[in-house]
Structures are given as C-alpha cells and as structure tokens.
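Text of the file target.cif, holding mmCIF, N, CA and C atoms:
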```
data_target
loop_
_atom_site.label_atom_id
_atom_site.label_comp_id
_atom_site.auth_asym_id
_atom_site.auth_seq_id
_atom_site.Cartn_x
_atom_site.Cartn_y
_atom_site.Cartn_z
N MET A 113 160.43 80.18 79.89
CA MET A 113 159.56 80.18 81.06
C MET A 113 158.21 79.55 80.73
N ALA A 114 157.66 79.88 79.57
CA ALA A 114 156.35 79.35 79.20
C ALA A 114 156.43 77.84 78.97
N LEU A 115 157.56 77.37 78.45
CA LEU A 115 157.72 75.94 78.20
C LEU A 115 157.72 75.16 79.51
N ALA A 116 158.35 75.69 80.54
CA ALA A 116 158.38 75.02 81.83
C ALA A 116 156.97 74.94 82.42
N ASP A 117 156.18 76.00 82.23
CA ASP A 117 154.80 76.02 82.73
C ASP A 117 153.96 74.97 82.02
N ILE A 118 154.13 74.86 80.72
CA ILE A 118 153.37 73.86 79.95
C ILE A 118 153.80 72.45 80.36
N THR A 119 155.08 72.26 80.59
CA THR A 119 155.58 70.94 81.01
C THR A 119 154.97 70.54 82.35
N LYS A 120 154.90 71.48 83.29
CA LYS A 120 154.30 71.19 84.59
C LYS A 120 152.83 70.82 84.44
N ARG A 121 152.13 71.56 83.60
CA ARG A 121 150.70 71.27 83.40
C ARG A 121 150.49 69.90 82.76
N LEU A 122 151.34 69.56 81.81
CA LEU A 122 151.22 68.24 81.17
C LEU A 122 151.52 67.12 82.16
N LEU A 123 152.51 67.30 83.02
CA LEU A 123 152.82 66.27 84.02
C LEU A 123 151.66 66.09 85.01
N VAL A 124 151.07 67.21 85.43
CA VAL A 124 149.92 67.12 86.34
C VAL A 124 148.76 66.42 85.64
N ALA A 125 148.52 66.76 84.38
CA ALA A 125 147.44 66.12 83.62
C ALA A 125 147.69 64.62 83.45
N LEU A 126 148.93 64.25 83.20
CA LEU A 126 149.24 62.83 83.03
C LEU A 126 148.98 62.03 84.30
N ILE A 127 149.12 62.68 85.44
CA ILE A 127 148.86 62.00 86.72
C ILE A 127 147.38 62.03 87.06
N LEU A 128 146.74 63.18 86.88
CA LEU A 128 145.36 63.34 87.36
C LEU A 128 144.31 62.74 86.44
N ILE A 129 144.55 62.68 85.14
CA ILE A 129 143.54 62.13 84.24
C ILE A 129 143.28 60.64 84.52
N PRO A 130 144.31 59.80 84.65
CA PRO A 130 144.02 58.41 85.01
C PRO A 130 143.36 58.27 86.38
N LEU A 131 143.76 59.11 87.33
CA LEU A 131 143.15 59.07 88.65
C LEU A 131 141.67 59.43 88.56
N PHE A 132 141.35 60.47 87.79
CA PHE A 132 139.95 60.86 87.61
C PHE A 132 139.16 59.74 86.93
N LEU A 133 139.73 59.10 85.92
CA LEU A 133 139.02 58.02 85.23
C LEU A 133 138.77 56.84 86.18
N LEU A 134 139.72 56.57 87.05
CA LEU A 134 139.55 55.51 88.04
C LEU A 134 138.42 55.85 89.02
N ILE A 135 138.37 57.10 89.48
CA ILE A 135 137.30 57.55 90.38
C ILE A 135 135.96 57.50 89.66
N LEU A 136 135.94 57.92 88.41
CA LEU A 136 134.71 57.89 87.62
C LEU A 136 134.21 56.46 87.44
N TYR A 137 135.13 55.55 87.19
CA TYR A 137 134.77 54.14 87.02
C TYR A 137 134.24 53.55 88.33
N ALA A 138 134.85 53.92 89.45
CA ALA A 138 134.42 53.39 90.75
C ALA A 138 133.00 53.82 91.08
N GLY A 139 132.69 55.08 90.79
CA GLY A 139 131.33 55.59 91.02
C GLY A 139 130.93 55.59 92.48
N GLY A 140 129.63 55.64 92.73
CA GLY A 140 129.08 55.57 94.08
C GLY A 140 129.60 56.64 95.02
N PRO A 141 129.82 56.26 96.28
CA PRO A 141 130.27 57.23 97.28
C PRO A 141 131.65 57.83 96.98
N ILE A 142 132.51 57.08 96.30
CA ILE A 142 133.83 57.61 95.97
C ILE A 142 133.70 58.76 94.99
N TYR A 143 132.87 58.58 93.97
CA TYR A 143 132.66 59.67 93.01
C TYR A 143 131.92 60.83 93.67
N LEU A 144 130.98 60.54 94.56
CA LEU A 144 130.28 61.59 95.29
C LEU A 144 131.27 62.42 96.10
N ALA A 145 132.19 61.77 96.80
CA ALA A 145 133.20 62.49 97.59
C ALA A 145 134.06 63.36 96.68
N PHE A 146 134.41 62.83 95.52
CA PHE A 146 135.21 63.61 94.56
C PHE A 146 134.45 64.84 94.10
N VAL A 147 133.17 64.68 93.77
CA VAL A 147 132.36 65.81 93.32
C VAL A 147 132.21 66.83 94.45
N LEU A 148 131.95 66.36 95.67
CA LEU A 148 131.82 67.28 96.81
C LEU A 148 133.11 68.09 97.03
N ILE A 149 134.24 67.43 96.95
CA ILE A 149 135.51 68.12 97.17
C ILE A 149 135.78 69.11 96.04
N ALA A 150 135.59 68.67 94.80
CA ALA A 150 135.87 69.54 93.65
C ALA A 150 134.96 70.76 93.64
N ILE A 151 133.67 70.57 93.88
CA ILE A 151 132.74 71.69 93.86
C ILE A 151 132.96 72.58 95.08
N SER A 152 133.32 72.02 96.22
CA SER A 152 133.62 72.84 97.39
C SER A 152 134.84 73.72 97.14
N LEU A 153 135.86 73.16 96.48
CA LEU A 153 137.03 73.97 96.13
C LEU A 153 136.66 75.08 95.15
N ALA A 154 135.80 74.77 94.20
CA ALA A 154 135.35 75.79 93.24
C ALA A 154 134.56 76.89 93.96
N TYR A 155 133.70 76.51 94.90
CA TYR A 155 132.93 77.50 95.64
C TYR A 155 133.84 78.35 96.53
N HIS A 156 134.82 77.72 97.15
CA HIS A 156 135.77 78.46 97.97
C HIS A 156 136.52 79.49 97.11
N GLU A 157 136.92 79.10 95.91
CA GLU A 157 137.59 80.02 95.00
C GLU A 157 136.65 81.17 94.60
N TYR A 158 135.39 80.85 94.37
CA TYR A 158 134.39 81.88 94.04
C TYR A 158 134.25 82.88 95.20
N LEU A 159 134.18 82.38 96.42
CA LEU A 159 134.08 83.26 97.59
C LEU A 159 135.34 84.10 97.76
N ARG A 160 136.47 83.53 97.44
CA ARG A 160 137.73 84.27 97.51
C ARG A 160 137.74 85.41 96.50
N LEU A 161 137.21 85.16 95.30
CA LEU A 161 137.12 86.22 94.30
C LEU A 161 136.16 87.32 94.76
N LEU A 162 135.05 86.93 95.39
CA LEU A 162 134.13 87.93 95.93
C LEU A 162 134.85 88.79 96.98
N LYS A 163 135.63 88.15 97.83
CA LYS A 163 136.36 88.86 98.87
C LYS A 163 137.34 89.85 98.26
N LEU A 164 138.00 89.46 97.16
CA LEU A 164 138.93 90.37 96.48
C LEU A 164 138.21 91.59 95.91
N ARG A 165 136.94 91.43 95.56
CA ARG A 165 136.15 92.56 95.05
C ARG A 165 135.62 93.45 96.17
N GLY A 166 135.91 93.09 97.40
CA GLY A 166 135.46 93.90 98.52
C GLY A 166 134.15 93.44 99.13
N GLU A 167 133.63 92.32 98.67
CA GLU A 167 132.38 91.79 99.23
C GLU A 167 132.69 91.04 100.53
N ASN A 168 131.66 90.79 101.31
CA ASN A 168 131.78 90.02 102.54
C ASN A 168 130.81 88.84 102.45
N PRO A 169 131.20 87.77 101.73
CA PRO A 169 130.26 86.69 101.44
C PRO A 169 129.87 85.87 102.67
N ALA A 170 128.75 85.18 102.54
CA ALA A 170 128.24 84.30 103.60
C ALA A 170 128.78 82.90 103.36
N TYR A 171 129.74 82.48 104.16
CA TYR A 171 130.39 81.19 103.96
C TYR A 171 129.51 80.02 104.40
N PHE A 172 129.06 80.02 105.64
CA PHE A 172 128.39 78.86 106.20
C PHE A 172 127.11 78.48 105.45
N PRO A 173 126.15 79.40 105.24
CA PRO A 173 124.95 78.97 104.50
C PRO A 173 125.27 78.56 103.07
N GLY A 174 126.32 79.14 102.51
CA GLY A 174 126.70 78.77 101.15
C GLY A 174 127.17 77.33 101.03
N PHE A 175 128.05 76.93 101.93
CA PHE A 175 128.55 75.55 101.89
C PHE A 175 127.45 74.56 102.27
N VAL A 176 126.63 74.91 103.25
CA VAL A 176 125.53 74.00 103.63
C VAL A 176 124.57 73.82 102.46
N GLY A 177 124.22 74.92 101.81
CA GLY A 177 123.32 74.83 100.66
C GLY A 177 123.93 74.05 99.51
N LEU A 178 125.19 74.27 99.27
CA LEU A 178 125.91 73.57 98.20
C LEU A 178 125.90 72.07 98.44
N TRP A 179 126.27 71.67 99.64
CA TRP A 179 126.32 70.24 99.96
C TRP A 179 124.92 69.63 99.96
N ALA A 180 123.93 70.39 100.44
CA ALA A 180 122.55 69.86 100.44
C ALA A 180 122.07 69.59 99.03
N LEU A 181 122.38 70.49 98.11
CA LEU A 181 121.96 70.28 96.73
C LEU A 181 122.64 69.07 96.11
N ILE A 182 123.94 68.95 96.30
CA ILE A 182 124.66 67.82 95.70
C ILE A 182 124.18 66.50 96.30
N LEU A 183 123.98 66.46 97.62
CA LEU A 183 123.50 65.23 98.25
C LEU A 183 122.07 64.90 97.82
N ALA A 184 121.26 65.93 97.57
CA ALA A 184 119.90 65.67 97.08
C ALA A 184 119.94 65.05 95.69
N PHE A 185 120.85 65.53 94.85
CA PHE A 185 120.99 64.94 93.52
C PHE A 185 121.55 63.52 93.61
N TYR A 186 122.38 63.27 94.62
CA TYR A 186 122.96 61.94 94.82
C TYR A 186 121.87 60.90 95.08
N THR A 187 120.80 61.31 95.77
CA THR A 187 119.73 60.35 96.05
C THR A 187 119.02 59.91 94.78
N GLY A 188 119.00 60.79 93.78
CA GLY A 188 118.33 60.47 92.53
C GLY A 188 116.82 60.58 92.60
N ASN A 189 116.30 60.97 93.75
CA ASN A 189 114.86 61.10 93.96
C ASN A 189 114.44 62.53 93.59
N THR A 190 113.50 62.67 92.66
CA THR A 190 113.10 64.00 92.22
C THR A 190 112.43 64.80 93.34
N ARG A 191 111.73 64.13 94.22
CA ARG A 191 111.10 64.84 95.34
C ARG A 191 112.16 65.44 96.27
N THR A 192 113.22 64.69 96.56
CA THR A 192 114.30 65.19 97.40
C THR A 192 115.00 66.37 96.73
N MET A 193 115.19 66.27 95.41
CA MET A 193 115.81 67.38 94.68
C MET A 193 114.95 68.63 94.75
N ALA A 194 113.64 68.46 94.59
CA ALA A 194 112.73 69.61 94.65
C ALA A 194 112.73 70.24 96.03
N ILE A 195 112.75 69.41 97.06
CA ILE A 195 112.79 69.93 98.44
C ILE A 195 114.08 70.73 98.66
N ALA A 196 115.21 70.19 98.19
CA ALA A 196 116.48 70.89 98.35
C ALA A 196 116.48 72.20 97.58
N LEU A 197 115.92 72.19 96.37
CA LEU A 197 115.88 73.42 95.58
C LEU A 197 115.02 74.49 96.23
N GLY A 198 114.07 74.09 97.05
CA GLY A 198 113.26 75.04 97.80
C GLY A 198 113.87 75.39 99.15
N ALA A 199 114.58 74.44 99.73
CA ALA A 199 115.13 74.66 101.08
C ALA A 199 116.36 75.56 101.08
N VAL A 200 117.16 75.50 100.03
CA VAL A 200 118.38 76.31 100.01
C VAL A 200 118.06 77.80 100.00
N PRO A 201 117.13 78.28 99.16
CA PRO A 201 116.78 79.71 99.26
C PRO A 201 116.21 80.07 100.64
N SER A 202 115.44 79.17 101.22
CA SER A 202 114.90 79.42 102.57
C SER A 202 116.03 79.52 103.58
N LEU A 203 117.03 78.67 103.46
CA LEU A 203 118.19 78.72 104.34
C LEU A 203 118.87 80.08 104.25
N PHE A 204 119.05 80.57 103.04
CA PHE A 204 119.69 81.87 102.87
C PHE A 204 118.84 82.99 103.45
N LEU A 205 117.52 82.91 103.27
CA LEU A 205 116.65 83.95 103.84
C LEU A 205 116.71 83.94 105.37
N LEU A 206 116.70 82.75 105.95
CA LEU A 206 116.75 82.65 107.41
C LEU A 206 118.12 83.03 107.96
N ALA A 207 119.17 82.79 107.19
CA ALA A 207 120.52 83.08 107.67
C ALA A 207 120.91 84.54 107.49
N PHE A 208 120.15 85.29 106.70
CA PHE A 208 120.56 86.67 106.42
C PHE A 208 120.68 87.53 107.68
N PRO A 209 119.72 87.48 108.62
CA PRO A 209 119.90 88.31 109.83
C PRO A 209 121.18 87.96 110.61
N LEU A 210 121.52 86.68 110.66
CA LEU A 210 122.76 86.29 111.36
C LEU A 210 123.99 86.76 110.61
N CYS A 211 123.94 86.69 109.28
CA CYS A 211 125.07 87.15 108.48
C CYS A 211 125.18 88.67 108.52
N LYS A 212 124.04 89.35 108.66
CA LYS A 212 124.04 90.82 108.74
C LYS A 212 124.82 91.27 109.98
N ILE A 213 124.70 90.52 111.07
CA ILE A 213 125.45 90.84 112.29
C ILE A 213 126.96 90.79 111.99
N ARG A 214 127.35 89.84 111.15
CA ARG A 214 128.76 89.67 110.80
C ARG A 214 129.22 90.69 109.77
N GLY A 215 128.31 91.47 109.23
CA GLY A 215 128.69 92.52 108.30
C GLY A 215 128.43 92.20 106.84
N THR A 216 127.68 91.16 106.56
CA THR A 216 127.36 90.81 105.19
C THR A 216 126.15 91.61 104.73
N ASP A 217 126.31 92.37 103.65
CA ASP A 217 125.18 93.12 103.12
C ASP A 217 124.38 92.25 102.15
N LEU A 218 123.28 92.78 101.66
CA LEU A 218 122.38 92.00 100.82
C LEU A 218 123.05 91.58 99.51
N ARG A 219 123.86 92.46 98.94
CA ARG A 219 124.53 92.14 97.67
C ARG A 219 125.50 90.97 97.85
N SER A 220 126.28 91.01 98.91
CA SER A 220 127.23 89.91 99.18
C SER A 220 126.48 88.61 99.48
N HIS A 221 125.39 88.71 100.22
CA HIS A 221 124.59 87.53 100.55
C HIS A 221 123.99 86.94 99.27
N GLY A 222 123.50 87.81 98.39
CA GLY A 222 122.94 87.35 97.12
C GLY A 222 123.98 86.69 96.23
N ALA A 223 125.19 87.26 96.22
CA ALA A 223 126.27 86.66 95.43
C ALA A 223 126.64 85.29 95.98
N SER A 224 126.64 85.14 97.30
CA SER A 224 126.91 83.83 97.92
C SER A 224 125.82 82.84 97.56
N PHE A 225 124.57 83.30 97.59
CA PHE A 225 123.43 82.45 97.24
C PHE A 225 123.53 82.00 95.79
N PHE A 226 123.83 82.94 94.89
CA PHE A 226 123.96 82.59 93.47
C PHE A 226 125.03 81.52 93.27
N GLY A 227 126.20 81.71 93.89
CA GLY A 227 127.28 80.74 93.73
C GLY A 227 126.91 79.37 94.28
N SER A 228 126.23 79.36 95.41
CA SER A 228 125.81 78.10 96.02
C SER A 228 124.82 77.36 95.13
N MET A 229 123.84 78.06 94.62
CA MET A 229 122.84 77.43 93.75
C MET A 229 123.47 76.98 92.44
N TYR A 230 124.26 77.85 91.83
CA TYR A 230 124.87 77.56 90.53
C TYR A 230 125.78 76.34 90.61
N LEU A 231 126.69 76.36 91.58
CA LEU A 231 127.63 75.25 91.71
C LEU A 231 126.97 74.01 92.30
N GLY A 232 125.97 74.19 93.17
CA GLY A 232 125.27 73.04 93.74
C GLY A 232 124.49 72.26 92.69
N VAL A 233 123.78 72.99 91.85
CA VAL A 233 123.03 72.31 90.77
C VAL A 233 124.01 71.75 89.75
N GLY A 234 125.09 72.49 89.47
CA GLY A 234 126.10 71.97 88.54
C GLY A 234 126.78 70.73 89.06
N GLY A 235 127.11 70.72 90.35
CA GLY A 235 127.73 69.53 90.95
C GLY A 235 126.77 68.35 90.99
N GLY A 236 125.50 68.65 91.27
CA GLY A 236 124.49 67.58 91.24
C GLY A 236 124.32 67.01 89.85
N ALA A 237 124.33 67.88 88.86
CA ALA A 237 124.22 67.41 87.47
C ALA A 237 125.47 66.60 87.08
N ALA A 238 126.63 67.03 87.56
CA ALA A 238 127.86 66.28 87.29
C ALA A 238 127.78 64.87 87.88
N TYR A 239 127.18 64.77 89.05
CA TYR A 239 127.02 63.44 89.63
C TYR A 239 126.04 62.60 88.81
N LEU A 240 124.93 63.22 88.42
CA LEU A 240 123.91 62.47 87.67
C LEU A 240 124.39 62.05 86.29
N LEU A 241 125.31 62.81 85.70
CA LEU A 241 125.81 62.49 84.35
C LEU A 241 126.66 61.23 84.33
N ARG A 242 127.17 60.84 85.48
CA ARG A 242 127.98 59.64 85.52
C ARG A 242 127.11 58.47 85.15
#
```
For the structure just supplied, provide its representation as structure tokens.
Amino acid sequence: MALADITKRLLVALILIPLFLLILYAGGPIYLAFVLIAISLAYHEYLRLLKLRGENPAYFPGFVGLWALILAFYTGNTRTMAIALGAVPSLFLLAFPLCKIRGTDLRSHGASFFGSMYLGVGGGAAYLLR
C-alpha cells in the first residue's frame, strides 16, 4: 500500500515540477496568478483546519487581505507594500462587527487575521524571490 502511495506522489511530482519551472521561467502575470492560486489554496486549507477546531473564521476579509498583500508585493513599490501592511489590519478591525453578526468571535477573527498576514507576506515574498 505504501509503495502505491509513493508511486502516485512521484508521478505527480514528475508532471508538476516541469510545469512549475515553466511558470517560474515565464514570470510576470502568469507567475503572479500561480502564486495567488497556490496561496489562496493554502489559506483555504488553513481556514478549514480552524473550522475543524471549532472556530468560525472570517473568510471574506481574510481573502481580501491576502490578495491585497500579494498584489502590493507584485508592484514592487515599497510605499504600496507599506500601505497594504497597514490597510489589512484596518480591514480586519472594520470587518469585525460584520463578522460578529455572523457568529465569529474575537479568537476566530484573530486566527483569520494571522493566517491572512502570514500567508500574504509569505506569498508576496515568494513573488519577489523570483
């Protein structure tokens, strides 16, 4: 059973590694789209894990903040990055009363904020490292 699992993983790696290298080589908007999709999937998985723990995470401000951070890093302008780093916490503060109506408590909101900032800055750094 374990051998079949390893074989599947190797086949997926053999297909995806050249595809990733091609996307990395292309750069620009294609690489940005790849980073946005990959980081969005990671954030969705993070929110799913929070949900399994019994939390009620804030989806909308999290994804907006995540994408704003990655797009700010895409510009390469330090002023835009600084504005985004200040705007995302403000977005979460302003969105908290609306999320509270939906049943999100402060702990869940904070966990959503942490994930958005952590993955947003990580995704932005991944873009800049290219």
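Between atom C of A:Gly235 and atom N of A:Thr187 the interatomic distance comes to 10.4 Å.
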Set the distance at 8 Å and use all atoms listed in the file: which residues neighbour A:Phe185 once local chain neighbours fewer than 2 positions away are removed? I'd like the list as a ChimeraX atom specification. /A:179-183,187-190,192-194,196,232,235-237,239-240
Protein/DNA/RNA residues near (124.2, 80.3, 105.0), cut 6 Å, only N, CA and C atoms, as a ChimeraX atom specification: /A:170-175,203-204,207
Specify the axis-aligned box that encloses all atoms of stretch 117-129 of chain A listed in the file after padding of 3 Å on each side, stating its centre and edge lengths in Å to one decimal as AutoDock Vina command-line options.
```
--center_x 149.7 --center_y 68.3 --center_z 83.7 --size_x 18.9 --size_y 21.4 --size_z 13.4
```
What residues come out when you apply the PyMOL selection byres (((chain A and resi 224 and name CA) around 10) and name CA) to this file, written as a ChimeraX atom specification? /A:155,158-159,162,167-175,204,218-223,225-230
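Rounded to one decimal, atom CA of A:Gly234 and atom CA of A:Ile129 lie 20.5 Å from each other.
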How many Å lie between atom CA of A:Val176 and atom N of A:Val200, rounded to one decimal? 9.2 Å
I'd like to know which of A:Gly177, A:Pro201, A:Gly166, A:Gly139 is closest to A:Arg242, using only N, CA and C atoms. A:Gly139
Would you mind completing stretch 160-171 of chain A so that it carries all heavy atoms, and writing it out as a PDB file, in the coordinates of the input?
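Final output, part.pdb:
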```pdb
ATOM      1  N   ARG A 160     136.470  83.530  97.440  1.00  0.00           N
ATOM      2  CA  ARG A 160     137.730  84.270  97.510  1.00  0.00           C
ATOM      3  C   ARG A 160     137.740  85.410  96.500  1.00  0.00           C
ATOM      4  O   ARG A 160     138.173  86.532  96.805  1.00  0.00           O
ATOM      5  CB  ARG A 160     138.913  83.341  97.271  1.00  0.00           C
ATOM      6  CG  ARG A 160     140.264  83.952  97.620  1.00  0.00           C
ATOM      7  CD  ARG A 160     141.391  82.981  97.362  1.00  0.00           C
ATOM      8  NE  ARG A 160     141.609  82.737  95.947  1.00  0.00           N
ATOM      9  CZ  ARG A 160     142.234  83.592  95.123  1.00  0.00           C
ATOM     10  NH1 ARG A 160     142.684  84.732  95.575  1.00  0.00           N
ATOM     11  NH2 ARG A 160     142.400  83.288  93.857  1.00  0.00           N
ATOM     12  N   LEU A 161     137.210  85.160  95.300  1.00  0.00           N
ATOM     13  CA  LEU A 161     137.120  86.220  94.300  1.00  0.00           C
ATOM     14  C   LEU A 161     136.160  87.320  94.760  1.00  0.00           C
ATOM     15  O   LEU A 161     136.404  88.506  94.513  1.00  0.00           O
ATOM     16  CB  LEU A 161     136.681  85.647  92.957  1.00  0.00           C
ATOM     17  CG  LEU A 161     137.708  84.769  92.250  1.00  0.00           C
ATOM     18  CD1 LEU A 161     137.094  84.113  91.022  1.00  0.00           C
ATOM     19  CD2 LEU A 161     138.924  85.583  91.868  1.00  0.00           C
ATOM     20  N   LEU A 162     135.050  86.930  95.390  1.00  0.00           N
ATOM     21  CA  LEU A 162     134.130  87.930  95.930  1.00  0.00           C
ATOM     22  C   LEU A 162     134.850  88.790  96.980  1.00  0.00           C
ATOM     23  O   LEU A 162     134.670  90.012  97.027  1.00  0.00           O
ATOM     24  CB  LEU A 162     132.910  87.270  96.554  1.00  0.00           C
ATOM     25  CG  LEU A 162     131.861  86.687  95.618  1.00  0.00           C
ATOM     26  CD1 LEU A 162     130.759  86.009  96.416  1.00  0.00           C
ATOM     27  CD2 LEU A 162     131.275  87.766  94.724  1.00  0.00           C
ATOM     28  N   LYS A 163     135.630  88.150  97.830  1.00  0.00           N
ATOM     29  CA  LYS A 163     136.360  88.860  98.870  1.00  0.00           C
ATOM     30  C   LYS A 163     137.340  89.850  98.260  1.00  0.00           C
ATOM     31  O   LYS A 163     137.497  90.969  98.760  1.00  0.00           O
ATOM     32  CB  LYS A 163     137.095  87.830  99.738  1.00  0.00           C
ATOM     33  CG  LYS A 163     137.504  88.327 101.061  1.00  0.00           C
ATOM     34  CD  LYS A 163     136.372  88.172 102.022  1.00  0.00           C
ATOM     35  CE  LYS A 163     136.908  88.235 103.431  1.00  0.00           C
ATOM     36  NZ  LYS A 163     135.951  88.788 104.337  1.00  0.00           N
ATOM     37  N   LEU A 164     138.000  89.460  97.160  1.00  0.00           N
ATOM     38  CA  LEU A 164     138.930  90.370  96.480  1.00  0.00           C
ATOM     39  C   LEU A 164     138.210  91.590  95.910  1.00  0.00           C
ATOM     40  O   LEU A 164     138.818  92.648  95.771  1.00  0.00           O
ATOM     41  CB  LEU A 164     139.667  89.629  95.366  1.00  0.00           C
ATOM     42  CG  LEU A 164     140.735  88.630  95.813  1.00  0.00           C
ATOM     43  CD1 LEU A 164     141.294  87.880  94.620  1.00  0.00           C
ATOM     44  CD2 LEU A 164     141.849  89.337  96.565  1.00  0.00           C
ATOM     45  N   ARG A 165     136.940  91.430  95.560  1.00  0.00           N
ATOM     46  CA  ARG A 165     136.150  92.560  95.050  1.00  0.00           C
ATOM     47  C   ARG A 165     135.620  93.450  96.170  1.00  0.00           C
ATOM     48  O   ARG A 165     134.920  94.406  95.900  1.00  0.00           O
ATOM     49  CB  ARG A 165     134.955  92.031  94.250  1.00  0.00           C
ATOM     50  CG  ARG A 165     135.328  91.523  92.889  1.00  0.00           C
ATOM     51  CD  ARG A 165     134.130  91.351  91.992  1.00  0.00           C
ATOM     52  NE  ARG A 165     133.397  92.588  91.847  1.00  0.00           N
ATOM     53  CZ  ARG A 165     132.080  92.680  91.825  1.00  0.00           C
ATOM     54  NH1 ARG A 165     131.353  91.594  91.949  1.00  0.00           N
ATOM     55  NH2 ARG A 165     131.477  93.826  91.678  1.00  0.00           N
ATOM     56  N   GLY A 166     135.910  93.090  97.400  1.00  0.00           N
ATOM     57  CA  GLY A 166     135.460  93.900  98.520  1.00  0.00           C
ATOM     58  C   GLY A 166     134.150  93.440  99.130  1.00  0.00           C
ATOM     59  O   GLY A 166     133.616  94.099 100.014  1.00  0.00           O
ATOM     60  N   GLU A 167     133.630  92.320  98.670  1.00  0.00           N
ATOM     61  CA  GLU A 167     132.380  91.790  99.230  1.00  0.00           C
ATOM     62  C   GLU A 167     132.690  91.040 100.530  1.00  0.00           C
ATOM     63  O   GLU A 167     133.827  90.696 100.809  1.00  0.00           O
ATOM     64  CB  GLU A 167     131.705  90.838  98.235  1.00  0.00           C
ATOM     65  CG  GLU A 167     131.395  91.442  96.882  1.00  0.00           C
ATOM     66  CD  GLU A 167     130.305  92.482  96.909  1.00  0.00           C
ATOM     67  OE1 GLU A 167     129.506  92.482  97.869  1.00  0.00           O
ATOM     68  OE2 GLU A 167     130.244  93.304  95.993  1.00  0.00           O
ATOM     69  N   ASN A 168     131.660  90.790 101.310  1.00  0.00           N
ATOM     70  CA  ASN A 168     131.780  90.020 102.540  1.00  0.00           C
ATOM     71  C   ASN A 168     130.810  88.840 102.450  1.00  0.00           C
ATOM     72  O   ASN A 168     129.717  88.881 102.990  1.00  0.00           O
ATOM     73  CB  ASN A 168     131.466  90.904 103.749  1.00  0.00           C
ATOM     74  CG  ASN A 168     131.820  90.245 105.058  1.00  0.00           C
ATOM     75  OD1 ASN A 168     132.459  89.191 105.067  1.00  0.00           O
ATOM     76  ND2 ASN A 168     131.405  90.830 106.147  1.00  0.00           N
ATOM     77  N   PRO A 169     131.200  87.770 101.730  1.00  0.00           N
ATOM     78  CA  PRO A 169     130.260  86.690 101.440  1.00  0.00           C
ATOM     79  C   PRO A 169     129.870  85.870 102.670  1.00  0.00           C
ATOM     80  O   PRO A 169     130.565  85.864 103.682  1.00  0.00           O
ATOM     81  CB  PRO A 169     131.015  85.822 100.434  1.00  0.00           C
ATOM     82  CG  PRO A 169     132.454  86.104 100.676  1.00  0.00           C
ATOM     83  CD  PRO A 169     132.526  87.515 101.180  1.00  0.00           C
ATOM     84  N   ALA A 170     128.750  85.180 102.540  1.00  0.00           N
ATOM     85  CA  ALA A 170     128.240  84.300 103.600  1.00  0.00           C
ATOM     86  C   ALA A 170     128.780  82.900 103.360  1.00  0.00           C
ATOM     87  O   ALA A 170     128.345  82.209 102.445  1.00  0.00           O
ATOM     88  CB  ALA A 170     126.720  84.307 103.589  1.00  0.00           C
ATOM     89  N   TYR A 171     129.740  82.480 104.160  1.00  0.00           N
ATOM     90  CA  TYR A 171     130.390  81.190 103.960  1.00  0.00           C
ATOM     91  C   TYR A 171     129.510  80.020 104.400  1.00  0.00           C
ATOM     92  O   TYR A 171     129.279  79.093 103.627  1.00  0.00           O
ATOM     93  CB  TYR A 171     131.724  81.138 104.726  1.00  0.00           C
ATOM     94  CG  TYR A 171     132.803  81.956 104.092  1.00  0.00           C
ATOM     95  CD1 TYR A 171     132.942  83.307 104.385  1.00  0.00           C
ATOM     96  CD2 TYR A 171     133.686  81.387 103.196  1.00  0.00           C
ATOM     97  CE1 TYR A 171     133.938  84.059 103.795  1.00  0.00           C
ATOM     98  CE2 TYR A 171     134.682  82.125 102.602  1.00  0.00           C
ATOM     99  CZ  TYR A 171     134.801  83.462 102.903  1.00  0.00           C
ATOM    100  OH  TYR A 171     135.782  84.202 102.319  1.00  0.00           O
TER     101      TYR A 171
END
```
